[in-house]
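File shown: work-v9.cif. Contents: mmCIF, C-alpha atoms.
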data_coords
#
loop_
_atom_site.label_atom_id
_atom_site.label_comp_id
_atom_site.auth_asym_id
_atom_site.auth_seq_id
_atom_site.Cartn_x
_atom_site.Cartn_y
_atom_site.Cartn_z
CA MET A 1 71.60 111.07 35.57
CA ILE A 2 74.14 108.35 36.31
CA LEU A 3 74.43 105.80 33.50
CA ILE A 4 76.31 102.52 33.80
CA GLY A 5 77.24 100.28 30.85
CA LEU A 6 77.26 96.53 31.42
CA GLY A 7 78.88 93.93 29.18
CA ALA A 8 79.88 90.26 29.26
CA ASN A 9 80.90 87.63 26.75
CA LEU A 10 82.24 84.75 28.86
CA ASN A 11 80.43 82.31 31.12
CA GLY A 12 81.05 82.89 34.80
CA ILE A 13 79.75 82.06 38.26
CA TYR A 14 76.26 83.26 37.29
CA GLY A 15 76.17 81.24 34.07
CA ALA A 16 76.00 82.62 30.55
CA PRO A 17 76.70 86.32 29.89
CA GLU A 18 72.99 87.21 29.81
CA GLN A 19 72.48 85.63 33.26
CA CYS A 20 75.49 87.52 34.61
CA LEU A 21 73.98 90.83 33.48
CA LYS A 22 70.67 89.91 35.10
CA ALA A 23 72.51 89.11 38.36
CA CYS A 24 73.94 92.64 38.35
CA SER A 25 70.81 94.18 39.82
CA ASP A 26 71.43 92.49 43.16
CA LEU A 27 75.22 92.86 42.93
CA LEU A 28 74.92 96.60 42.35
CA ALA A 29 72.31 97.00 45.10
CA GLY A 30 74.67 95.25 47.52
CA ALA A 31 77.17 98.04 46.81
CA GLY A 32 74.61 100.84 47.28
CA ILE A 33 73.99 101.30 43.54
CA TYR A 34 70.31 100.98 42.61
CA ILE A 35 69.03 100.42 39.09
CA VAL A 36 66.08 102.72 38.41
CA LYS A 37 65.79 102.03 34.69
CA SER A 38 67.32 99.42 32.42
CA SER A 39 67.59 98.85 28.70
CA ASN A 40 67.02 95.50 27.11
CA ILE A 41 70.05 93.29 26.72
CA TRP A 42 71.69 93.68 23.32
CA LYS A 43 73.99 91.17 21.62
CA SER A 44 76.89 92.73 19.78
CA ALA A 45 79.99 91.72 17.90
CA PRO A 46 83.24 92.53 19.71
CA VAL A 47 84.80 95.96 19.17
CA PRO A 48 87.46 95.97 17.87
CA VAL A 49 86.55 93.07 15.58
CA SER A 50 88.00 89.77 16.81
CA ASP A 51 87.17 86.08 17.07
CA GLN A 52 85.80 86.52 20.62
CA PRO A 53 82.23 85.45 21.37
CA TRP A 54 79.57 88.13 20.92
CA TYR A 55 78.84 90.31 23.94
CA CYS A 56 75.66 90.85 25.89
CA ASN A 57 75.33 94.55 26.75
CA ALA A 58 72.90 96.81 28.59
CA VAL A 59 72.76 100.33 29.98
CA CYS A 60 71.21 101.22 33.33
CA ALA A 61 70.28 104.48 34.97
CA VAL A 62 71.23 104.20 38.63
CA GLU A 63 70.95 106.08 41.90
CA THR A 64 73.77 106.09 44.44
CA VAL A 65 75.36 108.33 47.05
CA LEU A 66 78.81 107.18 45.93
CA SER A 67 81.12 109.78 44.42
CA PRO A 68 82.49 109.00 40.94
CA PRO A 69 85.79 107.54 42.29
CA GLN A 70 83.87 105.50 44.89
CA LEU A 71 81.48 104.27 42.19
CA LEU A 72 84.40 103.25 39.97
CA CYS A 73 85.92 101.31 42.87
CA ALA A 74 82.60 99.59 43.65
CA LEU A 75 82.15 98.58 40.01
CA ALA A 76 85.71 97.18 39.85
CA THR A 77 85.06 95.18 43.04
CA ILE A 78 81.90 93.68 41.53
CA GLU A 79 83.82 92.80 38.34
CA ASN A 80 86.57 91.13 40.38
CA ASP A 81 84.06 89.27 42.56
CA THR A 82 82.42 87.78 39.46
CA GLY A 83 85.76 86.48 38.19
CA ARG A 84 86.92 89.18 35.81
CA GLU A 85 90.59 88.88 34.92
CA ARG A 86 92.58 91.80 33.52
CA HIS A 87 95.38 90.49 31.32
CA GLU A 88 95.09 92.63 28.19
CA ALA A 89 93.00 95.45 26.76
CA ASN A 90 89.81 94.45 24.94
CA ALA A 91 90.05 90.85 26.18
CA ALA A 92 86.95 88.71 26.57
CA ARG A 93 85.42 89.11 30.02
CA VAL A 94 82.94 87.69 32.49
CA LEU A 95 81.71 91.19 33.36
CA ASP A 96 82.57 94.76 32.40
CA LEU A 97 80.97 97.70 34.20
CA ASP A 98 81.63 101.25 33.00
CA ILE A 99 80.53 104.66 34.22
CA LEU A 100 79.09 106.23 31.06
CA SER A 101 77.89 109.46 32.66
CA TYR A 102 77.68 110.93 36.13
CA ASN A 103 75.14 113.76 36.39
CA ASP A 104 76.56 115.49 33.31
CA GLU A 105 79.90 116.00 35.05
CA ILE A 106 83.09 116.10 33.00
CA ILE A 107 85.86 114.24 34.83
CA ASN A 108 89.42 113.78 33.58
CA GLU A 109 91.46 111.97 36.21
CA ALA A 110 94.25 109.41 35.88
CA HIS A 111 91.93 106.40 36.25
CA LEU A 112 88.54 107.95 35.51
CA THR A 113 87.21 109.74 32.46
CA VAL A 114 83.51 110.69 32.41
CA PRO A 115 81.64 110.67 30.13
CA HIS A 116 83.19 107.42 28.98
CA PRO A 117 85.65 108.45 26.24
CA ALA A 118 84.40 105.97 23.60
CA LEU A 119 80.65 105.90 24.28
CA HIS A 120 79.85 108.05 21.22
CA GLU A 121 81.55 105.47 18.95
CA ARG A 122 79.91 102.31 20.30
CA ALA A 123 76.62 100.85 19.07
CA PHE A 124 76.54 98.56 22.13
CA VAL A 125 76.33 101.68 24.32
CA LEU A 126 74.24 104.03 22.19
CA TYR A 127 71.37 101.74 21.22
CA PRO A 128 70.71 100.57 24.81
CA MET A 129 71.15 104.17 26.00
CA GLN A 130 68.59 105.33 23.44
CA GLU A 131 66.02 103.04 25.12
CA ILE A 132 66.34 104.57 28.58
CA ALA A 133 67.81 108.05 28.08
CA PRO A 134 66.86 109.21 24.57
CA HIS A 135 67.10 112.89 25.54
CA TRP A 136 70.52 112.63 27.20
CA VAL A 137 73.05 115.03 25.68
CA HIS A 138 76.78 114.37 25.85
CA PRO A 139 78.12 117.24 28.01
CA ARG A 140 81.41 117.48 26.13
CA LEU A 141 80.23 116.88 22.54
CA ASP A 142 76.85 118.61 22.96
CA LYS A 143 75.22 115.86 20.88
CA SER A 144 72.07 113.87 21.58
CA VAL A 145 72.03 110.08 21.59
CA ASP A 146 70.33 110.12 18.16
CA GLU A 147 73.02 112.43 16.75
CA MET A 148 75.77 110.20 18.11
CA ILE A 149 74.12 107.12 16.56
CA VAL A 150 74.04 108.80 13.15
CA ASN A 151 77.74 109.73 13.43
CA MET A 152 79.17 106.54 14.96
CA PRO A 153 81.50 104.32 12.93
CA LYS A 154 79.57 102.01 10.61
CA GLY A 155 79.66 98.22 10.49
CA GLN A 156 78.99 97.41 14.15
CA GLU A 157 76.78 94.33 14.37
CA ILE A 158 74.14 94.51 17.11
CA GLN A 159 70.71 93.06 17.86
CA CYS A 160 68.23 93.59 20.69
CA ILE A 161 67.00 90.73 22.86
CA GLU A 162 63.38 91.84 23.29
CA ASN A 163 61.86 91.85 26.80
CA SER A 164 65.22 91.29 28.48
CA GLN A 165 65.43 94.28 30.84
CA LEU A 166 67.43 93.76 34.00
CA LEU A 167 65.42 93.50 37.18
CA SER A 168 65.30 96.67 39.23
CA THR A 169 65.68 95.73 42.88
CA TYR A 170 65.34 99.35 44.01
CA MET A 171 62.14 100.01 42.07
CA ASP A 172 60.70 96.62 43.05
CA LYS A 173 61.32 97.38 46.73
CA GLN A 174 59.87 100.88 46.38
CA GLY A 175 56.71 99.46 44.78
CA ALA A 176 56.39 96.84 47.53
CA SER A 177 56.60 99.46 50.32
#

Serialized structure, structure tokens:
Amino acid sequence: MILIGLGANLNGIYGAPEQCLKACSDLLAGAGIYIVKSSNIWKSAPVPVSDQPWYCNAVCAVETVLSPPQLLCALATIENDTGRERHEANAARVLDLDILSYNDEIINEAHLTVPHPALHERAFVLYPMQEIAPHWVHPRLDKSVDEMIVNMPKGQEIQCIENSQLLSTYMDKQGAS
């Protein structure tokens, strides 16, 4: 299973952060990355704590023929095309796309670490992931999503926006065929 984390907390060319995440279905499909399942959008306080606006976050299961490095490149291109600027770590952003997992592979390369090295510490990843992949087990930590939620650092503010799943272009097209 390939899982992608999406986040945004600045307005951009698609409008407010929630609208940017919803636009991602078509943006990803244009790069050969098809959403097959999506969590709701969750609003979360910035991590680490700062005076930035709250984030909108989601997790999607996707299908693609892209290799992990190719997928990383495609995600960075989409981020850049939506206006993401990279000035400092943990800065506010129009769009952030992260590879959370890639078919249970463990990858440690200079610019790519999979599973994402901080996913087990982040409420904004684990709660959306729990919606779409509750039985996923971290291949390095050998812990389920529920176990990681119990053990994550406390005090992370997060709330679900009910009925806010991202549209699934791939599944919509499959159903229309």

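Across A:Ala8, A:Val114, A:Met1, A:Lys154, the tightest approach to Trp136 of chain A is made by A:Met1 when counting only C-alpha atoms.
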
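Each of A:Asp26, A:Leu66, A:Glu18, A:Gly12 was compared to Asn80 of chain A using all atoms listed in the file, and A:Gly12 turns out to be the nearest.
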
Residue members of the PyMOL selection byres ((chain A and resi 132) around 9) in the file shown, as JSON, numbers by chain: {"A": [37, 38, 39, 59, 60, 61, 128, 129, 130, 131, 133, 134, 135]}

Please determine an axis-aligned box that encloses all atoms of segment 74-92 of chain A listed in the file, with 5 Å added on each side, and express its centre and edge lengths in Å to one decimal as AutoDock Vina command-line options.
--center_x 88.6 --center_y 93.0 --center_z 34.3 --size_x 23.5 --size_y 23.1 --size_z 28.7

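Shortest separation to Lys22 of chain A among A:Ala58, A:Leu100, A:Leu119, A:Leu141 occurs at residue A:Ala58, atoms counted being all atoms listed in the file.
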
Matched chain/residue IDs from the PyMOL selection byres ((chain A and resi 64) around 12), as a VMD selection string: chain A and resid 1 to 4 28 to 36 61 to 63 65 to 68 70 to 72 74 102 to 103 170

Near-Leu97 of chain A list (8 Å; only C-alpha atoms; drop same-chain fewer than 4 positions) as a list in words: Ile4, Gly5, Leu6, Gly7, Leu75, Ala76 and Glu79 of chain A

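The nearest approach to Ser50 of chain A among the residues A:Ile78, A:Leu27, A:Ile158, A:Ala91, with all atoms listed in the file taken into account, belongs to A:Ala91.
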
Name the residues that the PyMOL selection byres ((chain A and resi 49) around 12) pulls out of this structure, and write them as a PDB file with C-alpha atoms, keeping the file's coordinate frame.
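And here's expr-v7.pdb as it stands now:
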ATOM      1  CA  SER A  44      76.890  92.730  19.780  1.00  0.00           C
ATOM      2  CA  ALA A  45      79.990  91.720  17.900  1.00  0.00           C
ATOM      3  CA  PRO A  46      83.240  92.530  19.710  1.00  0.00           C
ATOM      4  CA  VAL A  47      84.800  95.960  19.170  1.00  0.00           C
ATOM      5  CA  PRO A  48      87.460  95.970  17.870  1.00  0.00           C
ATOM      6  CA  SER A  50      88.000  89.770  16.810  1.00  0.00           C
ATOM      7  CA  ASP A  51      87.170  86.080  17.070  1.00  0.00           C
ATOM      8  CA  GLN A  52      85.800  86.520  20.620  1.00  0.00           C
ATOM      9  CA  PRO A  53      82.230  85.450  21.370  1.00  0.00           C
ATOM     10  CA  TRP A  54      79.570  88.130  20.920  1.00  0.00           C
ATOM     11  CA  TYR A  55      78.840  90.310  23.940  1.00  0.00           C
ATOM     12  CA  ASN A  90      89.810  94.450  24.940  1.00  0.00           C
ATOM     13  CA  ALA A  91      90.050  90.850  26.180  1.00  0.00           C
ATOM     14  CA  ALA A  92      86.950  88.710  26.570  1.00  0.00           C
ATOM     15  CA  GLY A 155      79.660  98.220  10.490  1.00  0.00           C
ATOM     16  CA  GLN A 156      78.990  97.410  14.150  1.00  0.00           C
ATOM     17  CA  GLU A 157      76.780  94.330  14.370  1.00  0.00           C
TER      18      GLU A 157
END

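Counting from atom CA of Arg140 of chain A, the distance to atom CA of Glu105 of chain A is 9.2 Å.
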
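The residue that comes closest to Arg93 of chain A, out of A:Gln159, A:Asn40, A:Gln19, A:Asn9 and on the basis of all atoms listed in the file, is A:Asn9.
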
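Here atom CA of Ala89 of chain A and atom CA of His111 of chain A stand 14.5 Å from one another.
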
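Atom CA of Gln165 of chain A is found 16.8 Å from atom CA of Leu95 of chain A.
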
Residue among A:Tyr127, A:Arg84, A:Val137, A:Pro69 lying closest to Ala110 of chain A, counting all atoms listed in the file: A:Pro69

Complete the atoms of segment 38-60 of chain A to N, CA and C atoms and put them out as a compact mmCIF listing (two decimals), keeping the file's coordinate frame.
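Just written: rebuild-v1.txt:
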# COMPACT_ATOMS: atom_id res chain seq x y z
N SER A 38 66.38 100.27 33.15
CA SER A 38 67.32 99.42 32.42
C SER A 38 66.88 99.25 30.98
N SER A 39 67.86 99.20 30.10
CA SER A 39 67.59 98.85 28.70
C SER A 39 67.37 97.35 28.60
N ASN A 40 66.96 96.91 27.43
CA ASN A 40 67.02 95.50 27.11
C ASN A 40 68.48 95.09 27.03
N ILE A 41 68.72 93.81 26.99
CA ILE A 41 70.05 93.29 26.72
C ILE A 41 70.22 93.23 25.21
N TRP A 42 71.36 93.67 24.75
CA TRP A 42 71.69 93.68 23.32
C TRP A 42 72.88 92.76 23.09
N LYS A 43 72.84 92.00 22.02
CA LYS A 43 73.99 91.17 21.62
C LYS A 43 74.76 91.94 20.56
N SER A 44 76.08 91.98 20.73
CA SER A 44 76.89 92.73 19.78
C SER A 44 78.21 92.02 19.50
N ALA A 45 78.69 92.24 18.28
CA ALA A 45 79.99 91.72 17.90
C ALA A 45 81.07 92.48 18.68
N PRO A 46 82.19 91.84 18.97
CA PRO A 46 83.24 92.53 19.71
C PRO A 46 83.79 93.74 18.94
N VAL A 47 84.15 94.77 19.71
CA VAL A 47 84.80 95.96 19.17
C VAL A 47 86.09 96.15 19.96
N PRO A 48 87.26 96.16 19.30
CA PRO A 48 87.46 95.97 17.87
C PRO A 48 87.13 94.54 17.44
N VAL A 49 86.92 94.36 16.13
CA VAL A 49 86.55 93.07 15.58
C VAL A 49 87.60 92.02 15.96
N SER A 50 87.12 90.87 16.44
CA SER A 50 88.00 89.77 16.81
C SER A 50 87.21 88.47 16.73
N ASP A 51 87.86 87.37 17.08
CA ASP A 51 87.17 86.08 17.07
C ASP A 51 86.54 85.75 18.43
N GLN A 52 86.46 86.72 19.32
CA GLN A 52 85.80 86.52 20.62
C GLN A 52 84.32 86.22 20.42
N PRO A 53 83.68 85.60 21.43
CA PRO A 53 82.23 85.45 21.37
C PRO A 53 81.55 86.82 21.40
N TRP A 54 80.34 86.89 20.85
CA TRP A 54 79.57 88.13 20.92
C TRP A 54 79.30 88.50 22.37
N TYR A 55 79.13 89.78 22.61
CA TYR A 55 78.84 90.31 23.94
C TYR A 55 77.35 90.44 24.18
N CYS A 56 76.97 90.39 25.44
CA CYS A 56 75.66 90.85 25.89
C CYS A 56 75.93 92.19 26.56
N ASN A 57 75.14 93.20 26.22
CA ASN A 57 75.33 94.55 26.75
C ASN A 57 74.00 95.15 27.20
N ALA A 58 74.07 96.05 28.14
CA ALA A 58 72.90 96.81 28.59
C ALA A 58 73.40 98.13 29.16
N VAL A 59 72.48 99.07 29.31
CA VAL A 59 72.76 100.33 29.98
C VAL A 59 71.70 100.54 31.04
N CYS A 60 72.12 100.98 32.21
CA CYS A 60 71.21 101.22 33.33
C CYS A 60 71.38 102.64 33.85
